[in-house]
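To be precise, the following lines are my_file.tsv, and they hold TSV, C-alpha atoms.
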```
chain	number	residue	atom	x	y	z
A	1	MET	CA	-197.80	-100.12	25.01
A	2	ASP	CA	-197.11	-96.74	26.61
A	3	LEU	CA	-196.83	-96.50	30.41
A	4	VAL	CA	-197.04	-93.69	32.94
A	5	ILE	CA	-195.46	-94.56	36.29
A	6	MET	CA	-196.08	-92.50	39.42
A	7	ALA	CA	-196.05	-92.81	43.20
A	8	ASP	CA	-196.33	-90.72	46.33
A	9	THR	CA	-198.91	-88.29	45.00
A	10	HIS	CA	-200.25	-87.43	48.48
A	11	VAL	CA	-203.28	-85.61	47.01
A	12	PRO	CA	-204.80	-83.48	48.56
A	13	LYS	CA	-202.30	-83.18	51.44
A	14	ARG	CA	-199.17	-82.23	49.46
A	15	ALA	CA	-200.96	-80.84	46.40
A	16	ARG	CA	-204.54	-80.08	45.45
A	17	ASP	CA	-204.26	-82.12	42.25
A	18	LEU	CA	-201.79	-83.74	39.89
A	19	PRO	CA	-199.97	-81.36	37.52
A	20	ALA	CA	-201.73	-80.79	34.19
A	21	ARG	CA	-198.77	-82.25	32.28
A	22	LEU	CA	-199.10	-85.50	34.21
A	23	TRP	CA	-202.86	-85.65	33.59
A	24	ALA	CA	-202.17	-85.28	29.85
A	25	ALA	CA	-199.67	-88.15	30.02
A	26	VAL	CA	-202.20	-90.27	31.95
A	27	GLU	CA	-204.87	-89.73	29.30
A	28	ALA	CA	-202.44	-90.63	26.49
A	29	ALA	CA	-201.04	-93.78	28.15
A	30	ASP	CA	-202.18	-97.34	27.64
A	31	VAL	CA	-201.44	-98.23	31.28
A	32	VAL	CA	-200.91	-96.12	34.41
A	33	LEU	CA	-198.97	-97.60	37.32
A	34	HIS	CA	-199.30	-95.96	40.76
A	35	ALA	CA	-197.02	-97.28	43.51
A	36	GLY	CA	-198.96	-96.00	46.51
A	37	ASP	CA	-199.42	-93.10	48.90
A	38	TRP	CA	-202.53	-91.76	47.19
A	39	VAL	CA	-203.87	-90.46	50.56
A	40	ASP	CA	-207.45	-89.94	49.33
A	41	GLU	CA	-209.89	-92.11	47.37
A	42	ALA	CA	-210.86	-89.17	45.15
A	43	LEU	CA	-207.54	-89.43	43.28
A	44	LEU	CA	-208.03	-93.17	42.77
A	45	ASP	CA	-211.50	-92.47	41.38
A	46	ALA	CA	-210.18	-89.73	39.08
A	47	LEU	CA	-207.33	-91.90	37.79
A	48	GLU	CA	-209.70	-94.80	37.18
A	49	ALA	CA	-211.96	-92.48	35.19
A	50	ARG	CA	-209.17	-90.91	33.12
A	51	SER	CA	-206.94	-93.96	32.52
A	52	ARG	CA	-207.39	-96.66	29.93
A	53	ARG	CA	-206.00	-99.12	32.47
A	54	LEU	CA	-204.87	-98.40	36.02
A	55	VAL	CA	-202.78	-100.67	38.24
A	56	GLY	CA	-202.17	-99.50	41.78
A	57	VAL	CA	-201.06	-100.54	45.24
A	58	TYR	CA	-201.56	-98.92	48.62
A	59	GLY	CA	-198.81	-97.17	50.56
A	60	ASN	CA	-198.07	-96.49	54.20
A	61	ASN	CA	-200.07	-93.21	54.12
A	62	ASP	CA	-203.19	-94.85	52.68
A	63	GLY	CA	-206.01	-95.57	55.09
A	64	PRO	CA	-208.58	-98.36	55.32
A	65	ALA	CA	-210.73	-97.20	52.39
A	66	LEU	CA	-207.81	-97.29	49.94
A	67	ARG	CA	-206.47	-100.53	51.42
A	68	ALA	CA	-209.87	-102.11	50.84
A	69	ARG	CA	-209.66	-101.23	47.13
A	70	LEU	CA	-205.96	-101.80	46.41
A	71	PRO	CA	-203.51	-104.63	47.06
A	72	GLU	CA	-200.20	-104.30	48.92
A	73	VAL	CA	-198.44	-105.98	45.97
A	74	ALA	CA	-199.68	-106.05	42.38
A	75	ARG	CA	-198.41	-108.39	39.68
A	76	VAL	CA	-199.38	-107.91	36.04
A	77	GLU	CA	-198.22	-108.93	32.60
A	78	LEU	CA	-197.93	-106.07	30.12
A	79	ALA	CA	-197.20	-106.98	26.51
A	80	GLY	CA	-195.05	-109.90	27.64
A	81	LEU	CA	-193.29	-107.99	30.47
A	82	THR	CA	-193.89	-109.33	33.98
A	83	VAL	CA	-194.30	-106.46	36.44
A	84	ALA	CA	-194.54	-106.39	40.22
A	85	MET	CA	-195.37	-103.24	42.16
A	86	VAL	CA	-195.12	-102.46	45.86
A	87	HIS	CA	-194.87	-99.23	47.82
A	88	GLU	CA	-191.97	-99.96	50.16
A	89	THR	CA	-188.77	-101.94	49.54
A	90	GLY	CA	-186.84	-100.99	52.67
A	91	PRO	CA	-183.51	-99.12	52.90
A	92	LYS	CA	-181.47	-98.44	49.77
A	93	ALA	CA	-178.54	-100.53	51.05
A	94	ARG	CA	-178.81	-104.00	49.46
A	95	ARG	CA	-182.16	-103.09	47.85
A	96	GLU	CA	-181.34	-104.88	44.60
A	97	GLU	CA	-180.45	-108.13	46.38
A	98	ARG	CA	-183.58	-108.06	48.58
A	99	CYS	CA	-185.85	-107.28	45.66
A	100	ALA	CA	-184.27	-109.93	43.44
A	101	ALA	CA	-184.98	-112.49	46.17
A	102	ALA	CA	-188.60	-111.36	46.56
A	103	TYR	CA	-189.48	-110.51	42.93
A	104	GLY	CA	-186.86	-112.37	40.89
A	105	ASP	CA	-189.58	-114.06	38.83
A	106	CYS	CA	-190.48	-110.64	37.34
A	107	ASP	CA	-188.82	-108.43	34.75
A	108	LEU	CA	-189.68	-105.13	36.45
A	109	LEU	CA	-190.36	-103.95	40.00
A	110	VAL	CA	-192.00	-100.55	40.44
A	111	PHE	CA	-191.87	-99.04	43.93
A	112	GLY	CA	-192.29	-95.73	45.74
A	113	HIS	CA	-192.04	-94.43	49.31
A	114	SER	CA	-188.73	-92.53	49.19
A	115	HIS	CA	-189.79	-89.80	46.72
A	116	ILE	CA	-186.35	-90.38	45.14
A	117	PRO	CA	-186.16	-91.52	41.50
A	118	TRP	CA	-184.38	-94.85	41.16
A	119	ASP	CA	-183.40	-96.94	38.13
A	120	THR	CA	-181.15	-99.96	38.68
A	121	VAL	CA	-180.88	-103.60	37.68
A	122	ALA	CA	-180.63	-106.33	40.32
A	123	PRO	CA	-178.63	-109.53	40.05
A	124	GLY	CA	-180.52	-111.80	37.67
A	125	GLY	CA	-181.86	-108.92	35.59
A	126	LEU	CA	-184.78	-107.52	37.62
A	127	ARG	CA	-185.11	-103.81	36.82
A	128	LEU	CA	-186.13	-101.55	39.70
A	129	LEU	CA	-187.89	-98.24	39.02
A	130	ASN	CA	-189.05	-95.56	41.43
A	131	PRO	CA	-190.67	-92.55	39.73
A	132	GLY	CA	-190.12	-90.15	42.64
A	133	SER	CA	-193.11	-87.94	43.40
A	134	PRO	CA	-194.95	-85.54	41.06
A	135	THR	CA	-196.24	-83.46	43.98
A	136	ASP	CA	-193.78	-83.69	46.89
A	137	ARG	CA	-190.15	-83.50	45.83
A	138	ARG	CA	-188.83	-83.40	49.40
A	139	ALA	CA	-185.04	-82.94	49.09
A	140	GLN	CA	-184.99	-83.66	45.36
A	141	PRO	CA	-184.42	-80.80	42.90
A	142	TYR	CA	-187.61	-81.63	40.96
A	143	ALA	CA	-190.95	-83.32	41.31
A	144	THR	CA	-190.94	-86.29	38.92
A	145	TYR	CA	-192.75	-89.15	37.22
A	146	LEU	CA	-191.73	-91.74	34.61
A	147	THR	CA	-192.91	-92.82	31.20
A	148	ALA	CA	-191.84	-95.96	29.37
A	149	ARG	CA	-192.77	-98.21	26.49
A	150	VAL	CA	-193.26	-101.98	26.53
A	151	ALA	CA	-193.10	-104.09	23.39
A	152	ALA	CA	-192.58	-107.83	22.97
A	153	GLY	CA	-191.69	-108.32	26.62
A	154	ARG	CA	-189.09	-105.56	26.67
A	155	LEU	CA	-189.09	-102.27	28.54
A	156	ASP	CA	-187.55	-99.31	26.73
A	157	ARG	CA	-187.78	-95.54	26.38
A	158	VAL	CA	-187.77	-95.11	30.15
A	159	GLU	CA	-187.83	-91.36	30.71
A	160	LEU	CA	-187.78	-89.39	33.94
A	161	HIS	CA	-189.94	-86.27	33.61
A	162	ARG	CA	-189.12	-83.25	35.73
A	163	LEU	CA	-192.00	-81.00	36.63
A	164	PRO	CA	-191.70	-77.24	37.07
A	165	PRO	CA	-191.81	-75.91	40.63
A	166	ARG	CA	-195.27	-75.06	41.92
```

Structure rendered as structure tokens:
Amino acid sequence: MDLVIMADTHVPKRARDLPARLWAAVEAADVVLHAGDWVDEALLDALEARSRRLVGVYGNNDGPALRARLPEVARVELAGLTVAMVHETGPKARREERCAAAYGDCDLLVFGHSHIPWDTVAPGGLRLLNPGSPTDRRAQPYATYLTARVAAGRLDRVELHRLPPR
């Protein structure tokens, strides 16, 4: 099962649309995970239309319409891998410990908010992934998103994709 993982798209405020390379990855993926800060329902509609399966949560910049359609926390099972997703996890200090306490029953936690790519493992084995942002790199050198593969309950081939400057 091939995954595309993104967050903090902020369309149309930070960009008019997602980069073409990301749309191609979305259309090729089995599952798309979006960890919040969509900003506008039109992107949710477009991702639903172009994804085989979409799992999303709302973020702090998402208004009532998006919050009515998306949960704050999503939990799914993907090919034997238990996944939780939330937009915010708090400050980076002690993040792994906090997340292990809150999501320790999962194999993977996907989160966003910071626009900073993150890939660590918490005590007990919970893997934490933040894809950064494909549209608003802030202080990062590149805009980014992640791809990964899931098979038999294992996550592998996690790859951070850097997008060219706009």

Which of A:Leu70, A:Ala15, A:Ala101, A:Val31 sits closest to Asp45 (chain A) [using all atoms listed in the file]
A:Leu70

Do a neighbour search on region 137-148 of chain A at 8 Å with all atoms listed in the file, toss out local chain neighbours closer than 3 positions, and write the hits as a VMD selection string.
chain A and resid 2 to 7 22 115 to 117 131 to 134 155 to 165

Measuring atom to atom with all atoms listed in the file, identify which of A:Pro71, A:Leu78, A:Arg154, A:Gly124 is nearest to Asp30 (chain A).
A:Leu78

Return the single residue from A:Pro123, A:Gly112, A:Pro91, A:Gly104 that is closest to His34 (chain A), with distances computed using all atoms listed in the file.
A:Gly112

Excluding same-chain residues fewer than 5 positions from Ala84 (chain A), what lies within 12 Å of it counting all atoms listed in the file, as a PyMOL selection string?
chain A and resi 33-35+55-57+71-78+89+99-100+102-111+126-129

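Using all atoms listed in the file for every distance, the candidate list A:Leu47, A:Gly59, A:Ala93, A:Arg16 yields A:Leu47 as the residue closest to Ala29 (chain A).
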
Using all atoms listed in the file, the shortest atom-to-atom distance to Ala28 (chain A) among A:Ala122, A:Arg53, A:Glu41, A:Arg14 belongs to A:Arg53

Please indicate the distance in Å from CA of Leu81 (chain A) to CA of Leu18 (chain A), rounded to one decimal place.
27.4 Å

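Of note, CA of Trp23 (chain A) and CA of Ser51 (chain A) are spaced 9.3 Å apart.
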
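Going from CA of Arg21 (chain A) over to CA of Ala46 (chain A), you cover 15.2 Å.
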
Find the spatial neighbours of Ala79 (chain A), counting all atoms listed in the file, within a cut-off of 6 Å - ignore same-chain residues fewer than 2 positions away - and output them as a ChimeraX atom specification.
/A:81,151-153

So which residues touch Pro12 (chain A) within 8 Å, counting only C-alpha atoms, skipping near sequence neighbours fewer than 5 positions away, as an MDAnalysis selection string?
chainID A and resid 17 39:40

Give me a file of those residues, with C-alpha atoms, as a compact mmCIF listing (two decimals), in the coordinates of the input.
```
# COMPACT_ATOMS: atom_id res chain seq x y z
CA ASP A 17 -204.26 -82.12 42.25
CA VAL A 39 -203.87 -90.46 50.56
CA ASP A 40 -207.45 -89.94 49.33
```
